[in-house]
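Data block for run.txt (compact mmCIF, C-alpha atoms):
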```txt
# COMPACT_ATOMS: atom_id res chain seq x y z
CA MET A 1 6.44 -27.99 11.81
CA SER A 2 3.29 -28.25 13.84
CA ALA A 3 2.08 -25.00 15.32
CA ALA A 4 0.03 -27.00 17.83
CA ALA A 5 3.24 -28.23 19.43
CA GLU A 6 4.44 -24.67 19.91
CA VAL A 7 1.28 -23.35 21.46
CA PRO A 8 0.56 -25.45 24.55
CA ALA A 9 -3.08 -25.76 25.50
CA GLY A 10 -4.58 -23.61 28.24
CA GLY A 11 -3.25 -20.86 30.49
CA ASP A 12 -1.80 -17.42 30.04
CA ALA A 13 1.47 -18.72 28.61
CA ALA A 14 -0.50 -20.27 25.76
CA LEU A 15 -2.34 -17.01 25.15
CA GLU A 16 0.90 -15.04 25.09
CA ALA A 17 2.57 -17.53 22.74
CA ALA A 18 -0.41 -17.29 20.41
CA ARG A 19 -0.39 -13.49 20.62
CA LEU A 20 3.26 -13.39 19.57
CA ARG A 21 2.62 -15.67 16.61
CA TYR A 22 -0.43 -13.68 15.60
CA VAL A 23 1.48 -10.39 15.64
CA LEU A 24 4.34 -11.95 13.67
CA ARG A 25 1.88 -13.16 11.02
CA LEU A 26 0.57 -9.64 10.51
CA ALA A 27 4.08 -8.16 10.61
CA ASP A 28 5.62 -10.66 8.20
CA THR A 29 2.77 -10.35 5.70
CA SER A 30 3.29 -6.58 5.56
CA LEU A 31 7.08 -6.87 5.47
CA VAL A 32 7.23 -9.50 2.72
CA LEU A 33 4.62 -7.74 0.58
CA GLY A 34 6.42 -4.43 1.08
CA GLN A 35 9.71 -5.98 0.01
CA ARG A 36 8.03 -7.47 -3.06
CA LEU A 37 6.57 -4.11 -4.09
CA GLY A 38 9.98 -2.52 -3.61
CA GLU A 39 11.24 -4.72 -6.43
CA TRP A 40 9.14 -2.62 -8.80
CA VAL A 41 11.08 0.57 -8.12
CA GLY A 42 12.63 1.66 -11.40
CA HIS A 43 10.63 -0.93 -13.37
CA ALA A 44 6.96 0.09 -13.13
CA PRO A 45 5.01 0.76 -16.35
CA ALA A 46 5.03 4.53 -15.71
CA LEU A 47 6.88 6.94 -13.45
CA GLU A 48 3.66 7.75 -11.62
CA GLU A 49 2.95 4.07 -10.91
CA ASP A 50 6.55 3.59 -9.85
CA LEU A 51 6.06 6.18 -7.12
CA GLY A 52 2.64 4.79 -6.27
CA LEU A 53 3.94 1.25 -5.74
CA ALA A 54 6.89 2.57 -3.73
CA ASN A 55 4.48 4.47 -1.49
CA LEU A 56 2.52 1.29 -0.87
CA ALA A 57 5.75 -0.55 -0.12
CA LEU A 58 6.83 2.07 2.40
CA ASP A 59 3.44 2.06 4.12
CA LEU A 60 3.64 -1.71 4.46
CA ILE A 61 7.19 -1.64 5.79
CA GLY A 62 6.07 1.04 8.25
CA GLN A 63 3.31 -1.30 9.46
CA ALA A 64 5.82 -4.13 9.70
CA ARG A 65 8.12 -2.00 11.86
CA LEU A 66 5.37 -1.19 14.35
CA LEU A 67 4.25 -4.82 14.48
CA LEU A 68 7.75 -6.27 14.68
CA GLY A 69 8.61 -3.81 17.43
CA TYR A 70 5.60 -5.07 19.37
CA ALA A 71 6.49 -8.70 18.61
CA ALA A 72 10.03 -8.10 19.89
CA GLU A 73 8.61 -6.83 23.19
CA LEU A 74 6.20 -9.74 23.47
CA GLU A 75 9.01 -12.18 22.79
CA GLY A 76 11.24 -10.53 25.40
CA ARG A 77 14.43 -12.25 24.28
CA GLY A 78 16.42 -9.14 23.50
CA ARG A 79 15.75 -9.18 19.77
CA ASP A 80 14.62 -5.93 18.17
CA GLU A 81 12.59 -5.28 15.01
CA ASP A 82 15.72 -5.44 12.84
CA ALA A 83 16.81 -8.78 14.29
CA LEU A 84 13.34 -10.17 13.61
CA ALA A 85 13.32 -8.84 10.05
CA PHE A 86 16.86 -9.64 9.00
CA LEU A 87 18.01 -12.58 11.09
CA ARG A 88 15.17 -15.08 10.89
CA ASP A 89 15.07 -17.84 8.28
CA ALA A 90 12.14 -18.70 6.03
CA PRO A 91 10.53 -21.31 8.34
CA GLN A 92 10.34 -18.68 11.11
CA PHE A 93 8.50 -16.25 8.82
CA LEU A 94 4.75 -16.46 9.35
CA ASN A 95 3.45 -14.38 6.44
CA LEU A 96 0.52 -15.41 4.28
CA THR A 97 1.75 -17.49 1.34
CA LEU A 98 0.06 -15.07 -1.06
CA ALA A 99 2.30 -12.18 0.04
CA GLU A 100 5.54 -13.89 -1.03
CA GLN A 101 4.40 -14.76 -4.57
CA PRO A 102 6.56 -13.16 -7.27
CA ASN A 103 5.62 -9.85 -8.87
CA GLY A 104 5.06 -11.43 -12.30
CA ASP A 105 3.59 -8.84 -14.63
CA PHE A 106 1.63 -5.77 -13.55
CA ALA A 107 -1.61 -7.77 -13.48
CA ASP A 108 -0.09 -10.36 -11.11
CA THR A 109 1.11 -7.59 -8.80
CA ILE A 110 -2.24 -5.79 -8.85
CA VAL A 111 -4.30 -8.94 -8.23
CA ARG A 112 -2.03 -10.00 -5.34
CA GLN A 113 -2.19 -6.49 -3.90
CA TRP A 114 -5.95 -6.20 -4.21
CA LEU A 115 -6.57 -9.60 -2.58
CA ILE A 116 -4.35 -8.69 0.38
CA ASP A 117 -5.61 -5.10 0.63
CA ALA A 118 -9.16 -6.40 0.94
CA TRP A 119 -7.93 -8.89 3.57
CA GLN A 120 -6.14 -6.17 5.54
CA LEU A 121 -9.28 -3.99 5.37
CA GLU A 122 -11.24 -6.68 7.21
CA ILE A 123 -8.48 -7.60 9.65
CA TYR A 124 -7.46 -4.04 10.56
CA THR A 125 -11.09 -2.96 10.88
CA GLY A 126 -11.68 -5.81 13.32
CA LEU A 127 -8.42 -5.17 15.17
CA SER A 128 -9.28 -1.48 15.63
CA GLY A 129 -11.60 -2.64 18.39
CA SER A 130 -9.17 -5.20 19.79
CA ALA A 131 -8.88 -5.96 23.49
CA ASP A 132 -5.15 -5.54 22.89
CA GLY A 133 -4.69 -1.75 22.99
CA ARG A 134 -1.35 -1.81 21.21
CA LEU A 135 -2.72 -3.85 18.30
CA ALA A 136 -5.82 -1.64 18.18
CA ALA A 137 -3.66 1.48 17.81
CA ILE A 138 -1.45 -0.04 15.12
CA ALA A 139 -4.52 -1.29 13.24
CA ALA A 140 -6.28 2.08 13.40
CA LYS A 141 -3.23 3.78 11.91
CA SER A 142 -2.69 1.08 9.27
CA LEU A 143 -6.36 1.08 8.28
CA LYS A 144 -6.06 4.59 6.85
CA GLU A 145 -3.18 3.44 4.66
CA THR A 146 -4.96 0.25 3.67
CA ARG A 147 -8.05 2.14 2.51
CA TYR A 148 -5.86 3.99 0.04
CA HIS A 149 -4.04 0.80 -1.02
CA TYR A 150 -7.37 -0.84 -1.73
CA ARG A 151 -8.56 2.17 -3.72
CA PHE A 152 -5.34 1.98 -5.76
CA SER A 153 -5.35 -1.77 -6.39
CA GLY A 154 -9.14 -2.03 -6.79
CA GLY A 155 -9.08 0.82 -9.30
CA TRP A 156 -6.42 -0.93 -11.32
CA LEU A 157 -8.26 -4.23 -11.14
CA THR A 158 -11.28 -2.61 -12.79
CA ARG A 159 -9.15 -0.88 -15.41
CA LEU A 160 -7.25 -4.03 -16.30
CA GLY A 161 -10.18 -6.44 -16.15
CA ASP A 162 -12.52 -4.12 -18.03
CA GLY A 163 -9.76 -2.84 -20.30
CA THR A 164 -8.32 -4.30 -23.49
CA ASP A 165 -8.54 -7.95 -24.52
CA GLU A 166 -4.94 -8.43 -23.48
CA SER A 167 -5.25 -6.74 -20.08
CA HIS A 168 -8.42 -8.73 -19.40
CA ALA A 169 -6.73 -12.02 -20.34
CA ARG A 170 -3.65 -11.27 -18.24
CA THR A 171 -5.69 -10.26 -15.21
CA GLN A 172 -7.82 -13.37 -15.54
CA ARG A 173 -4.67 -15.48 -15.68
CA ALA A 174 -3.22 -13.72 -12.63
CA LEU A 175 -6.45 -14.28 -10.71
CA GLU A 176 -6.51 -17.98 -11.57
CA SER A 177 -2.89 -18.51 -10.60
CA LEU A 178 -3.08 -16.62 -7.28
CA TRP A 179 -6.53 -17.76 -6.22
CA ARG A 180 -5.28 -21.01 -4.68
CA PHE A 181 -3.51 -18.97 -1.98
CA THR A 182 -6.65 -17.13 -0.86
CA GLU A 183 -8.17 -19.93 1.21
CA GLU A 184 -5.41 -19.41 3.78
CA LEU A 185 -6.49 -15.79 4.37
CA PHE A 186 -9.51 -16.74 6.42
CA ALA A 187 -8.85 -20.36 7.38
CA PRO A 188 -8.60 -20.19 11.18
CA ASP A 189 -6.14 -22.33 13.13
CA GLU A 190 -5.62 -22.59 16.89
CA VAL A 191 -3.78 -19.23 17.02
CA ASP A 192 -6.66 -17.43 15.31
CA GLU A 193 -9.23 -19.23 17.47
CA ARG A 194 -7.42 -18.27 20.66
CA MET A 195 -7.05 -14.65 19.54
CA SER A 196 -10.70 -14.23 18.62
CA ALA A 197 -11.86 -16.02 21.80
CA ALA A 198 -9.81 -13.50 23.82
CA GLY A 199 -11.38 -10.58 21.91
CA ILE A 200 -8.01 -9.69 20.45
CA ALA A 201 -8.63 -10.55 16.80
CA PRO A 202 -11.85 -10.53 14.75
CA PRO A 203 -13.48 -13.93 14.10
CA LEU A 204 -12.17 -15.06 10.72
CA ALA A 205 -15.37 -16.73 9.53
CA GLU A 206 -17.32 -13.45 9.53
CA ALA A 207 -14.41 -11.43 8.16
CA GLY A 208 -13.99 -14.01 5.41
CA ALA A 209 -17.64 -13.79 4.42
CA ARG A 210 -17.39 -10.01 4.09
CA TRP A 211 -14.14 -10.37 2.13
CA ARG A 212 -15.74 -12.81 -0.31
CA GLU A 213 -18.66 -10.42 -0.88
CA ARG A 214 -16.31 -7.54 -1.55
CA ILE A 215 -14.10 -9.60 -3.86
CA ALA A 216 -17.11 -10.87 -5.83
CA ALA A 217 -18.47 -7.33 -6.27
CA ASP A 218 -15.08 -6.03 -7.43
CA LEU A 219 -14.72 -8.89 -9.90
CA ARG A 220 -18.15 -8.18 -11.36
CA ARG A 221 -17.12 -4.56 -11.87
CA ALA A 222 -13.91 -5.75 -13.53
CA THR A 223 -15.90 -8.18 -15.73
CA LEU A 224 -13.87 -11.12 -14.38
CA PRO A 225 -15.46 -14.43 -13.37
CA CYS A 226 -14.87 -15.35 -9.71
CA PRO A 227 -13.00 -18.66 -9.32
CA ALA A 228 -14.44 -21.41 -7.11
CA ARG A 229 -13.17 -21.81 -3.53
CA GLN A 230 -10.17 -24.09 -3.11
CA PRO A 231 -10.58 -26.56 -0.30
CA HIS A 232 -6.96 -26.81 0.84
CA PRO A 233 -5.28 -23.77 2.36
CA TRP A 234 -1.54 -23.16 2.17
CA HIS A 235 0.32 -22.71 5.43
CA GLY A 236 2.62 -19.71 5.14
CA LYS A 237 1.31 -18.47 8.46
CA ARG A 238 2.59 -21.68 10.05
CA GLY A 239 6.02 -21.19 8.47
CA VAL A 240 5.47 -23.55 5.53
CA HIS A 241 6.35 -21.54 2.44
CA THR A 242 6.68 -21.74 -1.32
CA GLU A 243 10.17 -21.64 -2.78
CA TYR A 244 9.87 -17.91 -3.46
CA LEU A 245 10.24 -16.72 0.13
CA GLY A 246 13.81 -17.99 0.47
CA HIS A 247 14.94 -15.99 -2.55
CA LEU A 248 13.19 -12.88 -1.31
CA LEU A 249 14.83 -13.18 2.11
CA ALA A 250 18.25 -13.83 0.58
CA GLU A 251 18.03 -10.46 -1.13
CA MET A 252 16.40 -8.60 1.76
CA GLN A 253 18.75 -9.98 4.42
CA HIS A 254 21.97 -10.07 2.41
CA LEU A 255 23.50 -6.92 3.87
CA GLN A 256 22.80 -7.72 7.52
CA ARG A 257 23.94 -11.30 7.06
CA THR A 258 27.18 -10.28 5.34
CA TYR A 259 27.97 -7.29 7.56
CA PRO A 260 26.25 -7.98 10.89
CA GLY A 261 25.18 -4.78 12.63
CA ALA A 262 25.89 -2.63 9.56
CA ARG A 263 24.38 0.86 9.79
CA TRP A 264 23.88 3.75 7.41
CA MET B 1 18.17 -0.49 -18.93
CA SER B 2 17.52 -2.42 -22.10
CA ASP B 3 13.74 -2.40 -21.78
CA ALA B 4 13.44 1.38 -21.58
CA GLY B 5 10.44 1.02 -23.86
CA ALA B 6 8.54 -0.31 -20.86
CA ALA B 7 8.10 3.29 -19.70
CA ARG B 8 6.34 4.25 -22.93
CA PRO B 9 2.68 3.51 -22.25
CA ALA B 10 2.38 6.54 -19.97
CA THR B 11 3.00 8.83 -22.88
CA ASP B 12 -0.35 7.72 -24.32
CA TRP B 13 -2.00 9.17 -21.24
CA PRO B 14 -3.08 12.81 -21.34
CA LEU B 15 -1.24 15.41 -19.29
CA PHE B 16 -2.84 16.86 -16.16
CA GLU B 17 -1.88 19.97 -14.20
CA VAL B 18 -1.78 19.54 -10.43
CA PHE B 19 -2.74 22.12 -7.80
CA ILE B 20 -2.17 21.52 -4.11
CA ARG B 21 -3.62 23.34 -1.10
CA SER B 22 -0.95 23.15 1.54
CA ARG B 23 -3.14 24.12 4.50
CA SER B 24 -6.80 24.81 5.11
CA GLY B 25 -7.54 28.43 4.30
CA LEU B 26 -4.71 28.79 1.80
CA GLU B 27 -5.23 28.74 -1.95
CA HIS B 28 -4.42 25.84 -4.26
CA LYS B 29 -1.06 26.37 -5.92
CA HIS B 30 0.21 24.90 -9.13
CA VAL B 31 2.91 22.35 -8.32
CA GLY B 32 3.51 20.51 -11.59
CA SER B 33 2.00 18.10 -14.05
CA LEU B 34 1.72 14.37 -14.62
CA HIS B 35 0.27 11.76 -16.94
CA ALA B 36 -2.86 9.77 -16.10
CA ALA B 37 -5.54 7.87 -17.97
CA ASP B 38 -8.39 9.85 -16.42
CA ALA B 39 -9.29 12.26 -13.63
CA ARG B 40 -9.51 9.66 -10.90
CA MET B 41 -6.08 8.29 -11.73
CA ALA B 42 -4.72 11.82 -11.94
CA ILE B 43 -5.82 12.50 -8.35
CA GLU B 44 -4.19 9.26 -7.18
CA HIS B 45 -0.99 10.00 -9.05
CA ALA B 46 -0.96 13.55 -7.71
CA ARG B 47 -1.34 12.16 -4.20
CA ASP B 48 1.56 9.78 -4.74
CA VAL B 49 3.83 12.18 -6.61
CA TYR B 50 3.19 15.52 -4.91
CA THR B 51 1.91 14.92 -1.35
CA ARG B 52 4.27 12.24 -0.07
CA ARG B 53 5.92 14.66 2.34
CA GLN B 54 2.73 16.15 3.79
CA GLU B 55 2.66 18.93 1.22
CA GLY B 56 -1.08 19.14 1.06
CA VAL B 57 -4.61 18.73 2.37
CA SER B 58 -6.44 19.06 -0.94
CA ILE B 59 -5.70 18.34 -4.59
CA TRP B 60 -7.10 19.78 -7.81
CA VAL B 61 -6.24 18.35 -11.19
CA MET B 62 -7.27 19.50 -14.65
CA ARG B 63 -6.37 18.47 -18.15
CA SER B 64 -3.50 20.59 -19.41
CA ALA B 65 -5.31 20.79 -22.75
CA ASP B 66 -8.16 22.68 -21.06
CA ILE B 67 -5.93 25.59 -20.08
CA ILE B 68 -6.32 28.66 -22.23
CA ALA B 69 -3.02 30.55 -22.11
CA SER B 70 -1.99 34.04 -23.11
CA ASP B 71 0.04 34.30 -26.28
CA PRO B 72 3.75 34.99 -25.61
CA ALA B 73 3.81 37.04 -28.84
CA GLU B 74 1.32 39.43 -27.27
CA ALA B 75 3.36 39.90 -24.10
CA ASP B 76 4.34 43.45 -25.07
CA SER B 77 0.81 44.72 -25.46
CA LEU B 78 -0.49 42.72 -22.49
CA PHE B 79 2.18 43.46 -19.89
CA GLU B 80 4.36 46.37 -20.99
CA PRO B 81 1.76 49.08 -20.28
CA ALA B 82 1.82 48.23 -16.54
CA ARG B 83 5.54 48.72 -16.22
CA ASP B 84 5.61 52.51 -15.80
CA LYS B 85 2.59 52.74 -13.52
CA VAL B 86 4.19 52.14 -10.14
CA TYR B 87 1.44 54.19 -8.49
CA ARG B 88 -0.80 51.16 -8.91
CA HIS B 89 1.09 49.57 -6.05
CA PRO B 90 -0.34 50.67 -2.72
CA THR B 91 3.09 51.59 -1.38
CA PHE B 92 2.61 55.35 -1.11
CA TYR B 93 0.56 55.28 2.06
CA ALA B 94 1.61 55.30 5.68
CA ILE B 95 0.10 52.16 7.17
CA PRO B 96 -1.68 52.76 10.51
CA ASP B 97 -0.24 50.73 13.40
CA GLU B 98 -3.62 49.07 13.95
CA VAL B 99 -3.38 47.32 10.60
CA LYS B 100 -1.46 44.15 11.18
CA ASN B 101 -1.80 42.07 8.06
CA LEU B 102 -1.11 44.08 4.96
```
Would it be possible to restate this file's structure as structure tokens?
Amino acid sequence: MSAAAEVPAGGDAALEAARLRYVLRLADTSLVLGQRLGEWVGHAPALEEDLGLANLALDLIGQARLLLGYAAELEGRGRDEDALAFLRDAPQFLNLTLAEQPNGDFADTIVRQWLIDAWQLEIYTGLSGSADGRLAAIAAKSLKETRYHYRFSGGWLTRLGDGTDESHARTQRALESLWRFTEELFAPDEVDERMSAAGIAPPLAEAGARWRERIAADLRRATLPCPARQPHPWHGKRGVHTEYLGHLLAEMQHLQRTYPGARW
Amino acid sequence: MSDAGAARPATDWPLFEVFIRSRSGLEHKHVGSLHAADARMAIEHARDVYTRRQEGVSIWVMRSADIIASDPAEADSLFEPARDKVYRHPTFYAIPDEVKNL
């Protein structure tokens, strides 16, 4: 699927189409990551971490609700946040590929979380001054949550990386396996370009440079070598996903698909 | 759950007591205890475990091992003598109307 075909060049219609896709990317990244973290409930290494991960999950799902609600209004086709969350198929999800990667072990979860927390820090900070007032408000609220998420995941990264031989080795392995998905975080496409040109989203090149500095500093603290940049980004934000998203959606959407309109 | 042993590592962590201040101006109150590897983690765990429903604006934690407690065996000599001295409660005075918060 080519995103270029869906976002016609020039004019307000093109800007609005890009805005909708941009908001969905943010929303879906939070929703999918929140769903992933929810899988830890009852399985985390300690009761306290169980609650901690669940809190992160709920924050992210809260962000997704605000963003999906906005996306539903932008779309204007009568779908609400629930329809967007539970009745779209994988190719219509525009989350970052990194967010849908499986939980793996605790090191995999922490590395994934830390990479995305640092990404959200940059994006939400930039969006707090957005020309789009609605996005600015959502970002300002989410930024407070993200600062805590980053403190949590960054703290664990240091503990695991600078911990025992086994925790160091596992964290290193997690970093090497997830690193290939990081290039997508700050690789701009026509949606990003249009959003930053309109003053709606922060320019990704600058945000990416700050992210790389932060990541490198954290890795030094965690005594982990920083992998080299990967030239080819994945395209989750264009709806091209790894096999894992379909399984995640099957579980997340099962109830609404089986009993349409089911309520508590 | 067959892998119940997965929950074990936390028991290697020391126990911390948690105190929460519910509003500015009020005192910190003991709310419970939790396991954490160190003080920083204890604060984060306390935030996640005890302030999820807006219970607080400030957290104290301390290692449970650092508490020096009275000996239950000495309870008689420590607390019994106060029992028959009700006059130590300031309840024998008429409170003037001007005093609102007593």
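Between chain A and the residues B:Leu26, B:Leu34, B:Ile20, B:Ala75, the shortest atom-to-atom distance, using all atoms listed in the file, involves B:Leu34.
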Next item on the list: Using only C-alpha atoms, determine which residues lie at most 9 Å from range 216-222 of chain A, disregarding the query and same-chain residues fewer than 5 positions distant; provide the list as a list in words.
Entry: Gly154, Leu157, Thr158, Arg159, Leu160, Gly161, Asp162, Gly163, His168 and Trp211 of chain A
Exercise on range 42-59 of chain B, axis-aligned box with 4 Å per side, report centre and edge lengths in Å to one decimal, as lines of an AutoDock Vina configuration file:
```
center_x = -0.3
center_y = 14.2
center_z = -4.1
size_x = 20.4
size_y = 17.9
size_z = 23.7
```
Item checked: Computed interatomic separation between CA of Glu75 in chain A and CA of Ala13 in chain A (Å) -> 11.6 Å
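Minimum atom-to-atom distances from A:Gln63, A:Gln230, A:Gln113, A:Asn103 to Phe181 in chain A were compared using only C-alpha atoms, and the lowest value belongs to A:Gln230.
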Checklist line | Expected answer as an NGL selection string: chain A residues within 12 Å of chain B, all atoms listed in the file | finding: :A and (42-56 or 58-59 or 105-106 or 148-156 or 159 or 163)
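Across the model, the gap from CA of Leu178 in chain A to CA of Ile200 in chain A is 29.0 Å.
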